[in-house]
Structures are given as C-alpha cells and as structure tokens.
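Here's the structure we're looking at; comments come further down.
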Amino acid sequence: MLQDGWHLHIPSKSALNFSLSPLDLRSSIQSALERAIGKKGRSRELLDRVRMLEPQEIVRGTKYDVVVFCGLPANFDEARVSRAPWAAEELAEVSRRLKDVPVVIVSSLWAAIQDDGVVPEEIEFNRRKPLSHYEGVCQQYELKLLKGLENQDSIWYLLRLPMITGNLSDGASANFSGMSHLFAKAWQAKGTDKVLRLNYNPDATFWMLPADIAATMTAAVIEDPARPRICNLVSTGATLNREWLQHLAKAAGFKRVEHTEKDPLALPGTLQSMLRDNVQVKTRNLFELMGRHQQTPVTLDQNYFNKALEFGRVANWGMQKTEHYKTFFTEDLARQYFTEFLPSKADVKAVKRIAGFENGIALEIEGVPNCSWIAKTTEDKLEVVPNDPTSSIPTVRFTFTTGGFVRLIKHEMLFEQALLTRDLQARGKGIELVRACDLLRSVLKDYTFEFKNERTTPESKPQILQIAGKD
C-alpha cells in the first residue's frame, strides 16, 4: 500500500507487559516496516508515510479513505489470538470516531463455518459448534464485530482469510506459526521406508494462502471501489489434501504420504483437527474480484514447498541457534558455576527455599555425563554435590543444553526464553515445580557469573559472534 502511494496511520499501544518480557509494540512495528522496505531505494520516502498513533487518536484535519481493522491474527498459535475478542470491542469506538469512513474488517474462515461445513458469503447464518479453541475464538471475534456494527452508520466490508504461509516467491515468512509446524515436522521426520505418515482427511481441502498473495489480494480489495461486501480470500487453485500433501512429502525427501489413524508427527491439536476437517468455502465474490484485477490462480506445488522448507531449514524453524555458544562451554565451567559460585551466593532466604524441596534439586547438562549435580541444604548451608544414582532422586530436575547454559549465565537469554526454545527443560510436579522455576529464575537474574577460564581466545571470540550474527 505504501508503494501504491498510501499514507498509513497505525494506532498501537506504546507498550504491553507480558509474563515473558516487556514488548514495545511501536518499535516492533517500526522495525518490521524497516526490514520490509529497507532494501528498496525509496525506503525513507516510504517510512515518512507512516505515523504511529495512540489507540484512540485521530489526526485532526485528516480525511481518512478507509479503516482496516485487523484484530485477529490469521494463524491459530500466534500470541495475539487470545486477545482478539477483546480487540473486537474497540471497533464500535473506531467507527464512531471515523463516521462515514468505510471499514474493512479482517477475520478468519474459521469464524464462519456452518453446520454443513460451508463458509458462506452471507451475513445471516448459524455457526457450528467450534471444533477447537482457535475456532471458538474466531467465532467470538467475528460475532462481537458484527454486534458492534449494528448501530453504526459506517459502510463496512468483511474479508475472511485462511491460514497464512510463507511467500509464494521465496517461501519466506515473518514468523513460524500455523502450517510451519507441519512443514518443520515433515522436514525433521525420519523413515527408512521413505513414507510420511500423517493423520488427515484425503478428500478435504486445507485452506491456506502465501503471505505475499494474501497481501496483494487484500490491497486489491481495499482499493476496489466495487469491492464485495463479504469476501472469502482463499486460493482459487486450492487442491485436496491428498494432492498438496504429496507435494510437501516429496519436497521433504519422502516418496509419498500415507494416511494413518495415529499422529506420529505430534502436531498441535488445532492443526490435527484442521487436517481432518472437511471445510468448503463459497468464493463467488472472490472470483469476481480476481477477474476485475486479473489475478492468476495460486498453485501450491512441489516447487513452492521446496522453497518454504529451505527457508525454514536455514532459519532453524524460528528456534534460537545456540550451537556457536558451545565453544564457550567446558565441564570445568559448569562445575565452577554450580559447585562454587551458587553456594557462595546463597543467602539464608535461598537456603530455606531449597530446604523445602524433598531430596534437593537436580541440575544437569544435557549430553555431558560428568555434569550432573544435586543442590541441597546441609547444616543451614547450600551444598551442590555430584549426583549419586544410588541416592534418593530429587522430585525437581533442570536440564540445560550446553549452549543454553552459557547464554543463561552470560545474561544473553531470559529464563522464559530458554524454556520456550528447550535450551532448559524443567521437570517436576505441580506447585513444587513452579516454586523451583521461580527460584532459578531469580538466581539467574540477580547474580552475574565471572568466567574464570574460557577456551576461546580474545582473537577468536569476535569471529564466532560475527558468524552467529549472520546465522
């Protein structure tokens, strides 16, 4: 839209506090825009057309041509999904402040599935009982939007999107959500018989659309004076699961894909449900729109999946790479940290907290046999001793990867980040595990460990970090 000459005003809260870390939404939006257009010669000119506003701010004297309301992310596992029904409640206020300005609402196909499995292009219909939490959220979001528009005079239009995948041109994606889980699992799966086994409905269609195509089609709707009132934006060249999954399997190195009643790939529950669900979509309005704008059908063939899988492989499927930090790890470093540093920093309060854990807390480095200890209290002091297999087993256990351990003690990774990337695995039961995680989080945050010995020389260290930055 910026390249087409539009000026964009983007309302956003200045910051939100999450459990993991503070997130500055404005700087995130700004950096995303800069990454998207930074390589183009007109980058400064395009960025000058963007203005960040407070949530309810309207720039006086500005004639707005359209409001694009995107309160629901397209993919089921994105962080904003749970807040979508709450975001929908703001539409009524936006419409009141910008009276008579057309509103284009972006929703999801899974907000409008009828009992017969069809997504209609009409306003009045009965939605089916949701088959997943994501579908339930989508329904709540769209119903709240329509309720908020009942007493509004603004002209509104509704676009429903399918799952969003990597670009058609190069397979790239801004994040690894939705279908990326299936792509990653297919790439990582191993099978001696070269058969990808998956629990899916061969005679159903899974509705997805590459991000660049979805953006182009959405912009076409916004700029079309004869835009349809309701439009389901899907691929007009969509194929049955039995067809596109064969392309995906071959791109991942398999000879074919076979249906199975089990789920050997351990996919997220919502994705499993979607692969088995037989959803059909009405697309009359879409075909009229694409005819006016001369859009060609989108075909997701093996060439597309080759690009999508290659992009995911290079980007490590969105997971933080810590391989280069292994260079800094030694068994002596781990021994110093756990057996010398931690006991020296334990105050009376910390000792009392550790005393509350039966048989202590197990601390170990994954894949390193000599790096396994137990933290326990002895005579009101913290003692970290080698793990004895014959002694009582602690009920709480923390397992670090070598790279994750180094990043945590260097304060280059948050405790919650390590859990999400599985650079730290926490095992235990109930409230005891919660108390142990809270204790370890505070220790990692409050105390800085000075490295006594590092195998890497000062000359080689910048080279390692430079390579990591390129990754």
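Residues in the structure tokens are named by chain (A, B, ... in the order shown) and by number from 1 within that chain; ligands are numbered from 1 in the order shown.
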Residue set, range 234-450 of chain A restricted to helix (DSSP H, G or I), as an mmCIF file with C-alpha atoms, in the first residue's frame:
```cif
data_model
loop_
_atom_site.group_PDB
_atom_site.id
_atom_site.type_symbol
_atom_site.label_atom_id
_atom_site.label_comp_id
_atom_site.auth_asym_id
_atom_site.auth_seq_id
_atom_site.Cartn_x
_atom_site.Cartn_y
_atom_site.Cartn_z
ATOM 1 C CA ASN A 241 -5.139 -32.816 0.920
ATOM 2 C CA ARG A 242 -4.225 -35.962 -0.995
ATOM 3 C CA GLU A 243 -2.649 -33.736 -3.680
ATOM 4 C CA TRP A 244 -0.791 -30.926 -1.913
ATOM 5 C CA LEU A 245 0.465 -33.220 0.867
ATOM 6 C CA GLN A 246 2.115 -35.395 -1.782
ATOM 7 C CA HIS A 247 3.994 -32.300 -2.991
ATOM 8 C CA LEU A 248 5.028 -31.492 0.586
ATOM 9 C CA ALA A 249 6.182 -35.072 1.238
ATOM 10 C CA LYS A 250 8.344 -35.139 -1.893
ATOM 11 C CA ALA A 251 9.853 -31.746 -1.031
ATOM 12 C CA GLY A 269 -4.140 -30.337 18.427
ATOM 13 C CA THR A 270 -5.684 -27.469 16.462
ATOM 14 C CA LEU A 271 -3.645 -28.332 13.379
ATOM 15 C CA GLN A 272 -4.607 -32.011 13.665
ATOM 16 C CA SER A 273 -8.281 -31.028 13.793
ATOM 17 C CA MET A 274 -7.951 -28.795 10.723
ATOM 18 C CA LEU A 275 -6.262 -31.506 8.668
ATOM 19 C CA ARG A 276 -9.184 -33.845 9.344
ATOM 20 C CA ARG A 284 -18.294 -16.260 -5.974
ATOM 21 C CA ASN A 285 -17.349 -12.765 -4.759
ATOM 22 C CA LEU A 286 -13.659 -13.717 -4.832
ATOM 23 C CA PHE A 287 -13.767 -14.837 -8.476
ATOM 24 C CA GLU A 288 -15.494 -11.590 -9.491
ATOM 25 C CA LEU A 289 -12.814 -9.602 -7.655
ATOM 26 C CA MET A 290 -9.931 -11.544 -9.209
ATOM 27 C CA GLY A 291 -11.477 -11.171 -12.647
ATOM 28 C CA ARG A 292 -11.520 -7.384 -12.307
ATOM 29 C CA HIS A 293 -7.906 -7.298 -11.099
ATOM 30 C CA GLN A 302 6.326 -29.090 -5.021
ATOM 31 C CA ASN A 303 8.404 -26.098 -6.127
ATOM 32 C CA TYR A 304 6.631 -23.920 -3.547
ATOM 33 C CA PHE A 305 7.162 -26.407 -0.734
ATOM 34 C CA ASN A 306 10.830 -26.757 -1.713
ATOM 35 C CA LYS A 307 11.256 -23.011 -1.134
ATOM 36 C CA ALA A 308 9.226 -22.984 2.090
ATOM 37 C CA LEU A 309 11.161 -25.919 3.577
ATOM 38 C CA GLU A 310 14.514 -24.472 2.566
ATOM 39 C CA PHE A 311 13.683 -21.132 4.193
ATOM 40 C CA GLY A 312 12.596 -22.917 7.374
ATOM 41 C CA ARG A 313 15.737 -25.053 7.437
ATOM 42 C CA VAL A 314 18.065 -22.060 7.060
ATOM 43 C CA ASN A 316 16.142 -23.194 12.053
ATOM 44 C CA TRP A 317 12.301 -23.048 12.043
ATOM 45 C CA GLY A 318 12.339 -19.912 14.170
ATOM 46 C CA GLU A 323 25.478 -24.001 18.541
ATOM 47 C CA HIS A 324 28.185 -21.317 18.472
ATOM 48 C CA TYR A 325 27.891 -20.879 22.264
ATOM 49 C CA LYS A 326 29.038 -24.482 22.720
ATOM 50 C CA THR A 327 32.552 -23.194 22.019
ATOM 51 C CA PHE A 328 32.486 -21.396 25.356
ATOM 52 C CA GLU A 331 32.921 -29.171 32.082
ATOM 53 C CA ASP A 332 35.101 -27.068 34.390
ATOM 54 C CA LEU A 333 32.961 -24.006 33.671
ATOM 55 C CA ALA A 334 29.788 -25.853 34.666
ATOM 56 C CA ARG A 335 31.483 -27.270 37.766
ATOM 57 C CA GLN A 336 32.664 -23.805 38.848
ATOM 58 C CA TYR A 337 29.201 -22.323 38.387
ATOM 59 C CA PHE A 338 27.198 -24.990 40.178
ATOM 60 C CA THR A 339 29.558 -26.183 42.922
ATOM 61 C CA GLU A 340 31.430 -22.958 43.763
ATOM 62 C CA PHE A 341 29.521 -19.913 42.523
ATOM 63 C CA LEU A 342 25.962 -20.864 43.539
ATOM 64 C CA PRO A 343 26.828 -21.898 47.143
ATOM 65 C CA SER A 344 28.801 -18.667 47.591
ATOM 66 C CA LYS A 345 25.752 -16.575 46.633
ATOM 67 C CA VAL A 348 19.604 -17.513 54.383
ATOM 68 C CA LYS A 349 16.394 -16.977 52.432
ATOM 69 C CA ALA A 350 17.618 -19.016 49.446
ATOM 70 C CA VAL A 351 18.782 -21.841 51.698
ATOM 71 C CA LYS A 352 15.360 -22.025 53.351
ATOM 72 C CA ARG A 353 13.656 -22.172 49.959
ATOM 73 C CA ILE A 354 15.881 -25.012 48.762
ATOM 74 C CA ALA A 355 15.343 -26.871 52.042
ATOM 75 C CA THR A 402 25.463 -26.584 26.618
ATOM 76 C CA GLY A 403 24.716 -23.512 24.503
ATOM 77 C CA GLY A 404 21.669 -22.572 26.560
ATOM 78 C CA PHE A 405 23.630 -22.843 29.812
ATOM 79 C CA VAL A 406 26.285 -20.425 28.529
ATOM 80 C CA ARG A 407 23.708 -17.919 27.280
ATOM 81 C CA LEU A 408 21.792 -18.007 30.584
ATOM 82 C CA ILE A 409 24.782 -17.360 32.833
ATOM 83 C CA PHE A 415 14.784 -17.863 31.695
ATOM 84 C CA GLU A 416 11.430 -17.993 29.880
ATOM 85 C CA GLN A 417 13.182 -17.888 26.509
ATOM 86 C CA ALA A 418 15.249 -20.911 27.456
ATOM 87 C CA LEU A 419 12.108 -22.846 28.389
ATOM 88 C CA LEU A 420 10.409 -21.968 25.098
ATOM 89 C CA THR A 421 13.423 -22.984 22.988
ATOM 90 C CA GLY A 430 2.586 -29.096 40.470
ATOM 91 C CA ILE A 431 3.365 -26.214 42.770
ATOM 92 C CA GLU A 432 6.799 -27.639 43.647
ATOM 93 C CA LEU A 433 7.962 -27.174 40.035
ATOM 94 C CA VAL A 434 6.538 -23.640 39.978
ATOM 95 C CA ARG A 435 8.468 -22.750 43.154
ATOM 96 C CA ALA A 436 11.674 -24.235 41.745
ATOM 97 C CA CYS A 437 11.317 -22.288 38.465
ATOM 98 C CA ASP A 438 10.736 -19.074 40.401
ATOM 99 C CA LEU A 439 13.874 -19.730 42.466
ATOM 100 C CA LEU A 440 16.113 -20.489 39.467
ATOM 101 C CA ARG A 441 14.728 -17.501 37.541
ATOM 102 C CA SER A 442 15.657 -15.119 40.390
ATOM 103 C CA VAL A 443 19.146 -16.649 40.750
ATOM 104 C CA LEU A 444 19.915 -16.281 37.049
ATOM 105 C CA LYS A 445 18.607 -12.715 37.053
ATOM 106 C CA ASP A 446 20.236 -11.409 40.244
#
```
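Residues surrounding Glu89 in chain A within 10 Å are Gly71, Ala84, Pro85, Trp86, Ala92, Glu93, Val94, Tyr141, Lys144, Leu145, Lys147 and Gly148 of chain A [only C-alpha atoms; sequence separation below 3 positions excluded].
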Kindly save the residues from that selection, with C-alpha atoms included, as a short mmCIF file (atom, residue, chain, number, x, y, z; two decimals), in the first residue's frame.
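So part-v8.cif came out as:
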```cif
data_model
loop_
_atom_site.label_atom_id
_atom_site.label_comp_id
_atom_site.auth_asym_id
_atom_site.auth_seq_id
_atom_site.Cartn_x
_atom_site.Cartn_y
_atom_site.Cartn_z
CA GLY A 71 -7.86 -7.59 15.45
CA ALA A 84 -8.87 -10.98 19.63
CA PRO A 85 -12.42 -10.90 21.17
CA TRP A 86 -11.26 -8.09 23.45
CA ALA A 92 -17.55 0.41 17.70
CA GLU A 93 -15.49 3.31 19.09
CA VAL A 94 -13.34 3.46 15.96
CA TYR A 141 -14.26 -12.22 17.46
CA LYS A 144 -18.53 -9.18 18.51
CA LEU A 145 -17.55 -7.28 15.37
CA LYS A 147 -22.70 -6.77 17.09
CA GLY A 148 -20.60 -3.61 17.34
#
```
**Message:** Would you pick out the contacts of Asp263 in chain A at 8 Å or less, using only C-alpha atoms, so that residues sharing its chain but fewer than 6 positions from it are not included, and give the list as a list in words?
**Reply:** Arg197, Leu198 and Asn199 of chain A
**Separation of CA of Asn278 in chain A from CA of Glu142 in chain A in Å** =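 If I compute the distance from CA of Glu142 in chain A to CA of Asn278 in chain A, I get 21.1 Å.
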**Item:** All strand (DSSP E or B) positions in range 188-426 of chain A, as a VMD selection string
**Value:** chain A and resid 195 to 198 208 to 210 230 to 232 256 to 259 280 to 281 361 to 365 372 to 378 381 to 386 396 to 400 424 to 426
Against range 211-227 of chain A, which residues of range 85-184 of chain A fall within 12 Å? For each one I want the closest pair of atoms and the distance in Å (one decimal), counting only C-alpha atoms, rows by chain and increasing residue number, as a Markdown table.
```
| residue | atom | partner | partner_atom | distance |
| --- | --- | --- | --- | --- |
| A:Pro102 | CA | A:Ile222 | CA | 9.6 |
| A:Val103 | CA | A:Ile222 | CA | 9.4 |
| A:Val104 | CA | A:Ile222 | CA | 7.3 |
| A:Ile105 | CA | A:Ile222 | CA | 10.4 |
| A:Val106 | CA | A:Thr218 | CA | 9.1 |
| A:Ser107 | CA | A:Thr218 | CA | 11.8 |
| A:Ile155 | CA | A:Arg227 | CA | 11.6 |
| A:Trp156 | CA | A:Arg227 | CA | 10.6 |
| A:Tyr157 | CA | A:Arg227 | CA | 8.1 |
| A:Leu158 | CA | A:Arg227 | CA | 10.1 |
| A:Leu159 | CA | A:Thr218 | CA | 8.0 |
| A:Arg160 | CA | A:Thr218 | CA | 10.0 |
| A:Leu161 | CA | A:Ala214 | CA | 7.9 |
| A:Pro162 | CA | A:Ala214 | CA | 9.2 |
| A:Met163 | CA | A:Ala211 | CA | 9.2 |
| A:Ile164 | CA | A:Ala211 | CA | 5.6 |
| A:Thr165 | CA | A:Ala211 | CA | 5.8 |
| A:Gly166 | CA | A:Ala211 | CA | 5.7 |
| A:Asn167 | CA | A:Ala211 | CA | 5.1 |
| A:Leu168 | CA | A:Asp212 | CA | 6.6 |
| A:Ser169 | CA | A:Asp212 | CA | 7.8 |
| A:Asp170 | CA | A:Asp212 | CA | 9.8 |
| A:Gly171 | CA | A:Ala211 | CA | 9.2 |
| A:Ala172 | CA | A:Ala211 | CA | 8.7 |
| A:Ser173 | CA | A:Ala211 | CA | 7.3 |
| A:Ala174 | CA | A:Ala211 | CA | 9.0 |
| A:Asn175 | CA | A:Ala211 | CA | 10.8 |
```
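Those residues that approach Thr399 in chain A to within 7 Å, counting only C-alpha atoms, are Leu363, Glu364, Ile365, Glu366, Leu424, Gln425 and Ala426 of chain A; same-chain residues fewer than 4 positions away are not listed.
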Excluding range 109-115 of chain A and residues on its chain fewer than 2 positions from it, collect all residues at most 10 Å away from it, counting only C-alpha atoms, and give them as a tab-separated table (two decimals) with C-alpha atoms, in the first residue's frame.
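Okay, this is what ended up in selection13.tsv:
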```tsv
chain	number	residue	atom	x	y	z
A	74	ALA	CA	-4.53	-15.33	10.75
A	76	PHE	CA	-4.05	-20.20	15.40
A	107	SER	CA	-11.46	-12.01	10.02
A	117	GLY	CA	-19.09	-27.38	6.86
A	118	VAL	CA	-19.52	-24.47	4.42
A	119	VAL	CA	-18.17	-20.94	4.94
A	120	PRO	CA	-20.86	-18.66	3.41
A	121	GLU	CA	-20.73	-15.20	1.84
A	122	GLU	CA	-23.97	-14.17	3.54
A	123	ILE	CA	-24.37	-12.26	6.82
A	125	PHE	CA	-26.43	-17.95	9.17
A	126	ASN	CA	-25.92	-20.35	12.07
A	127	ARG	CA	-22.35	-21.18	13.03
A	128	ARG	CA	-21.46	-24.71	14.02
A	129	LYS	CA	-20.15	-25.72	17.43
A	130	PRO	CA	-16.39	-25.00	17.43
A	131	LEU	CA	-14.10	-27.99	16.95
A	132	SER	CA	-11.10	-26.28	18.54
A	134	TYR	CA	-8.99	-21.39	17.94
A	135	GLU	CA	-12.27	-21.78	16.07
A	136	GLY	CA	-14.14	-20.69	19.20
A	137	VAL	CA	-12.01	-17.55	19.50
A	138	CYS	CA	-12.59	-16.75	15.81
A	139	GLN	CA	-16.34	-17.05	16.29
A	140	GLN	CA	-16.32	-14.79	19.34
A	141	TYR	CA	-14.26	-12.22	17.46
A	142	GLU	CA	-16.50	-12.06	14.37
A	143	LEU	CA	-19.75	-12.09	16.37
A	159	LEU	CA	-12.58	-10.22	4.47
A	160	ARG	CA	-12.01	-13.74	5.78
A	161	LEU	CA	-8.51	-15.16	5.50
A	162	PRO	CA	-7.30	-18.77	5.64
A	163	MET	CA	-4.02	-19.89	7.26
A	207	TRP	CA	-7.28	-23.62	3.20
A	232	ASN	CA	-13.50	-15.17	1.46
A	233	LEU	CA	-9.89	-14.68	0.37
A	234	VAL	CA	-8.63	-18.17	-0.42
A	274	MET	CA	-7.95	-28.79	10.72
A	279	VAL	CA	-14.40	-27.26	5.20
A	280	GLN	CA	-15.73	-25.83	1.94
A	281	VAL	CA	-15.71	-22.14	1.06
```
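Minimum atom-to-atom distances from A:Leu53, A:Ala79, A:Ala87, A:Val368 to Phe329 in chain A were compared using only C-alpha atoms, and the lowest value belongs to A:Val368.
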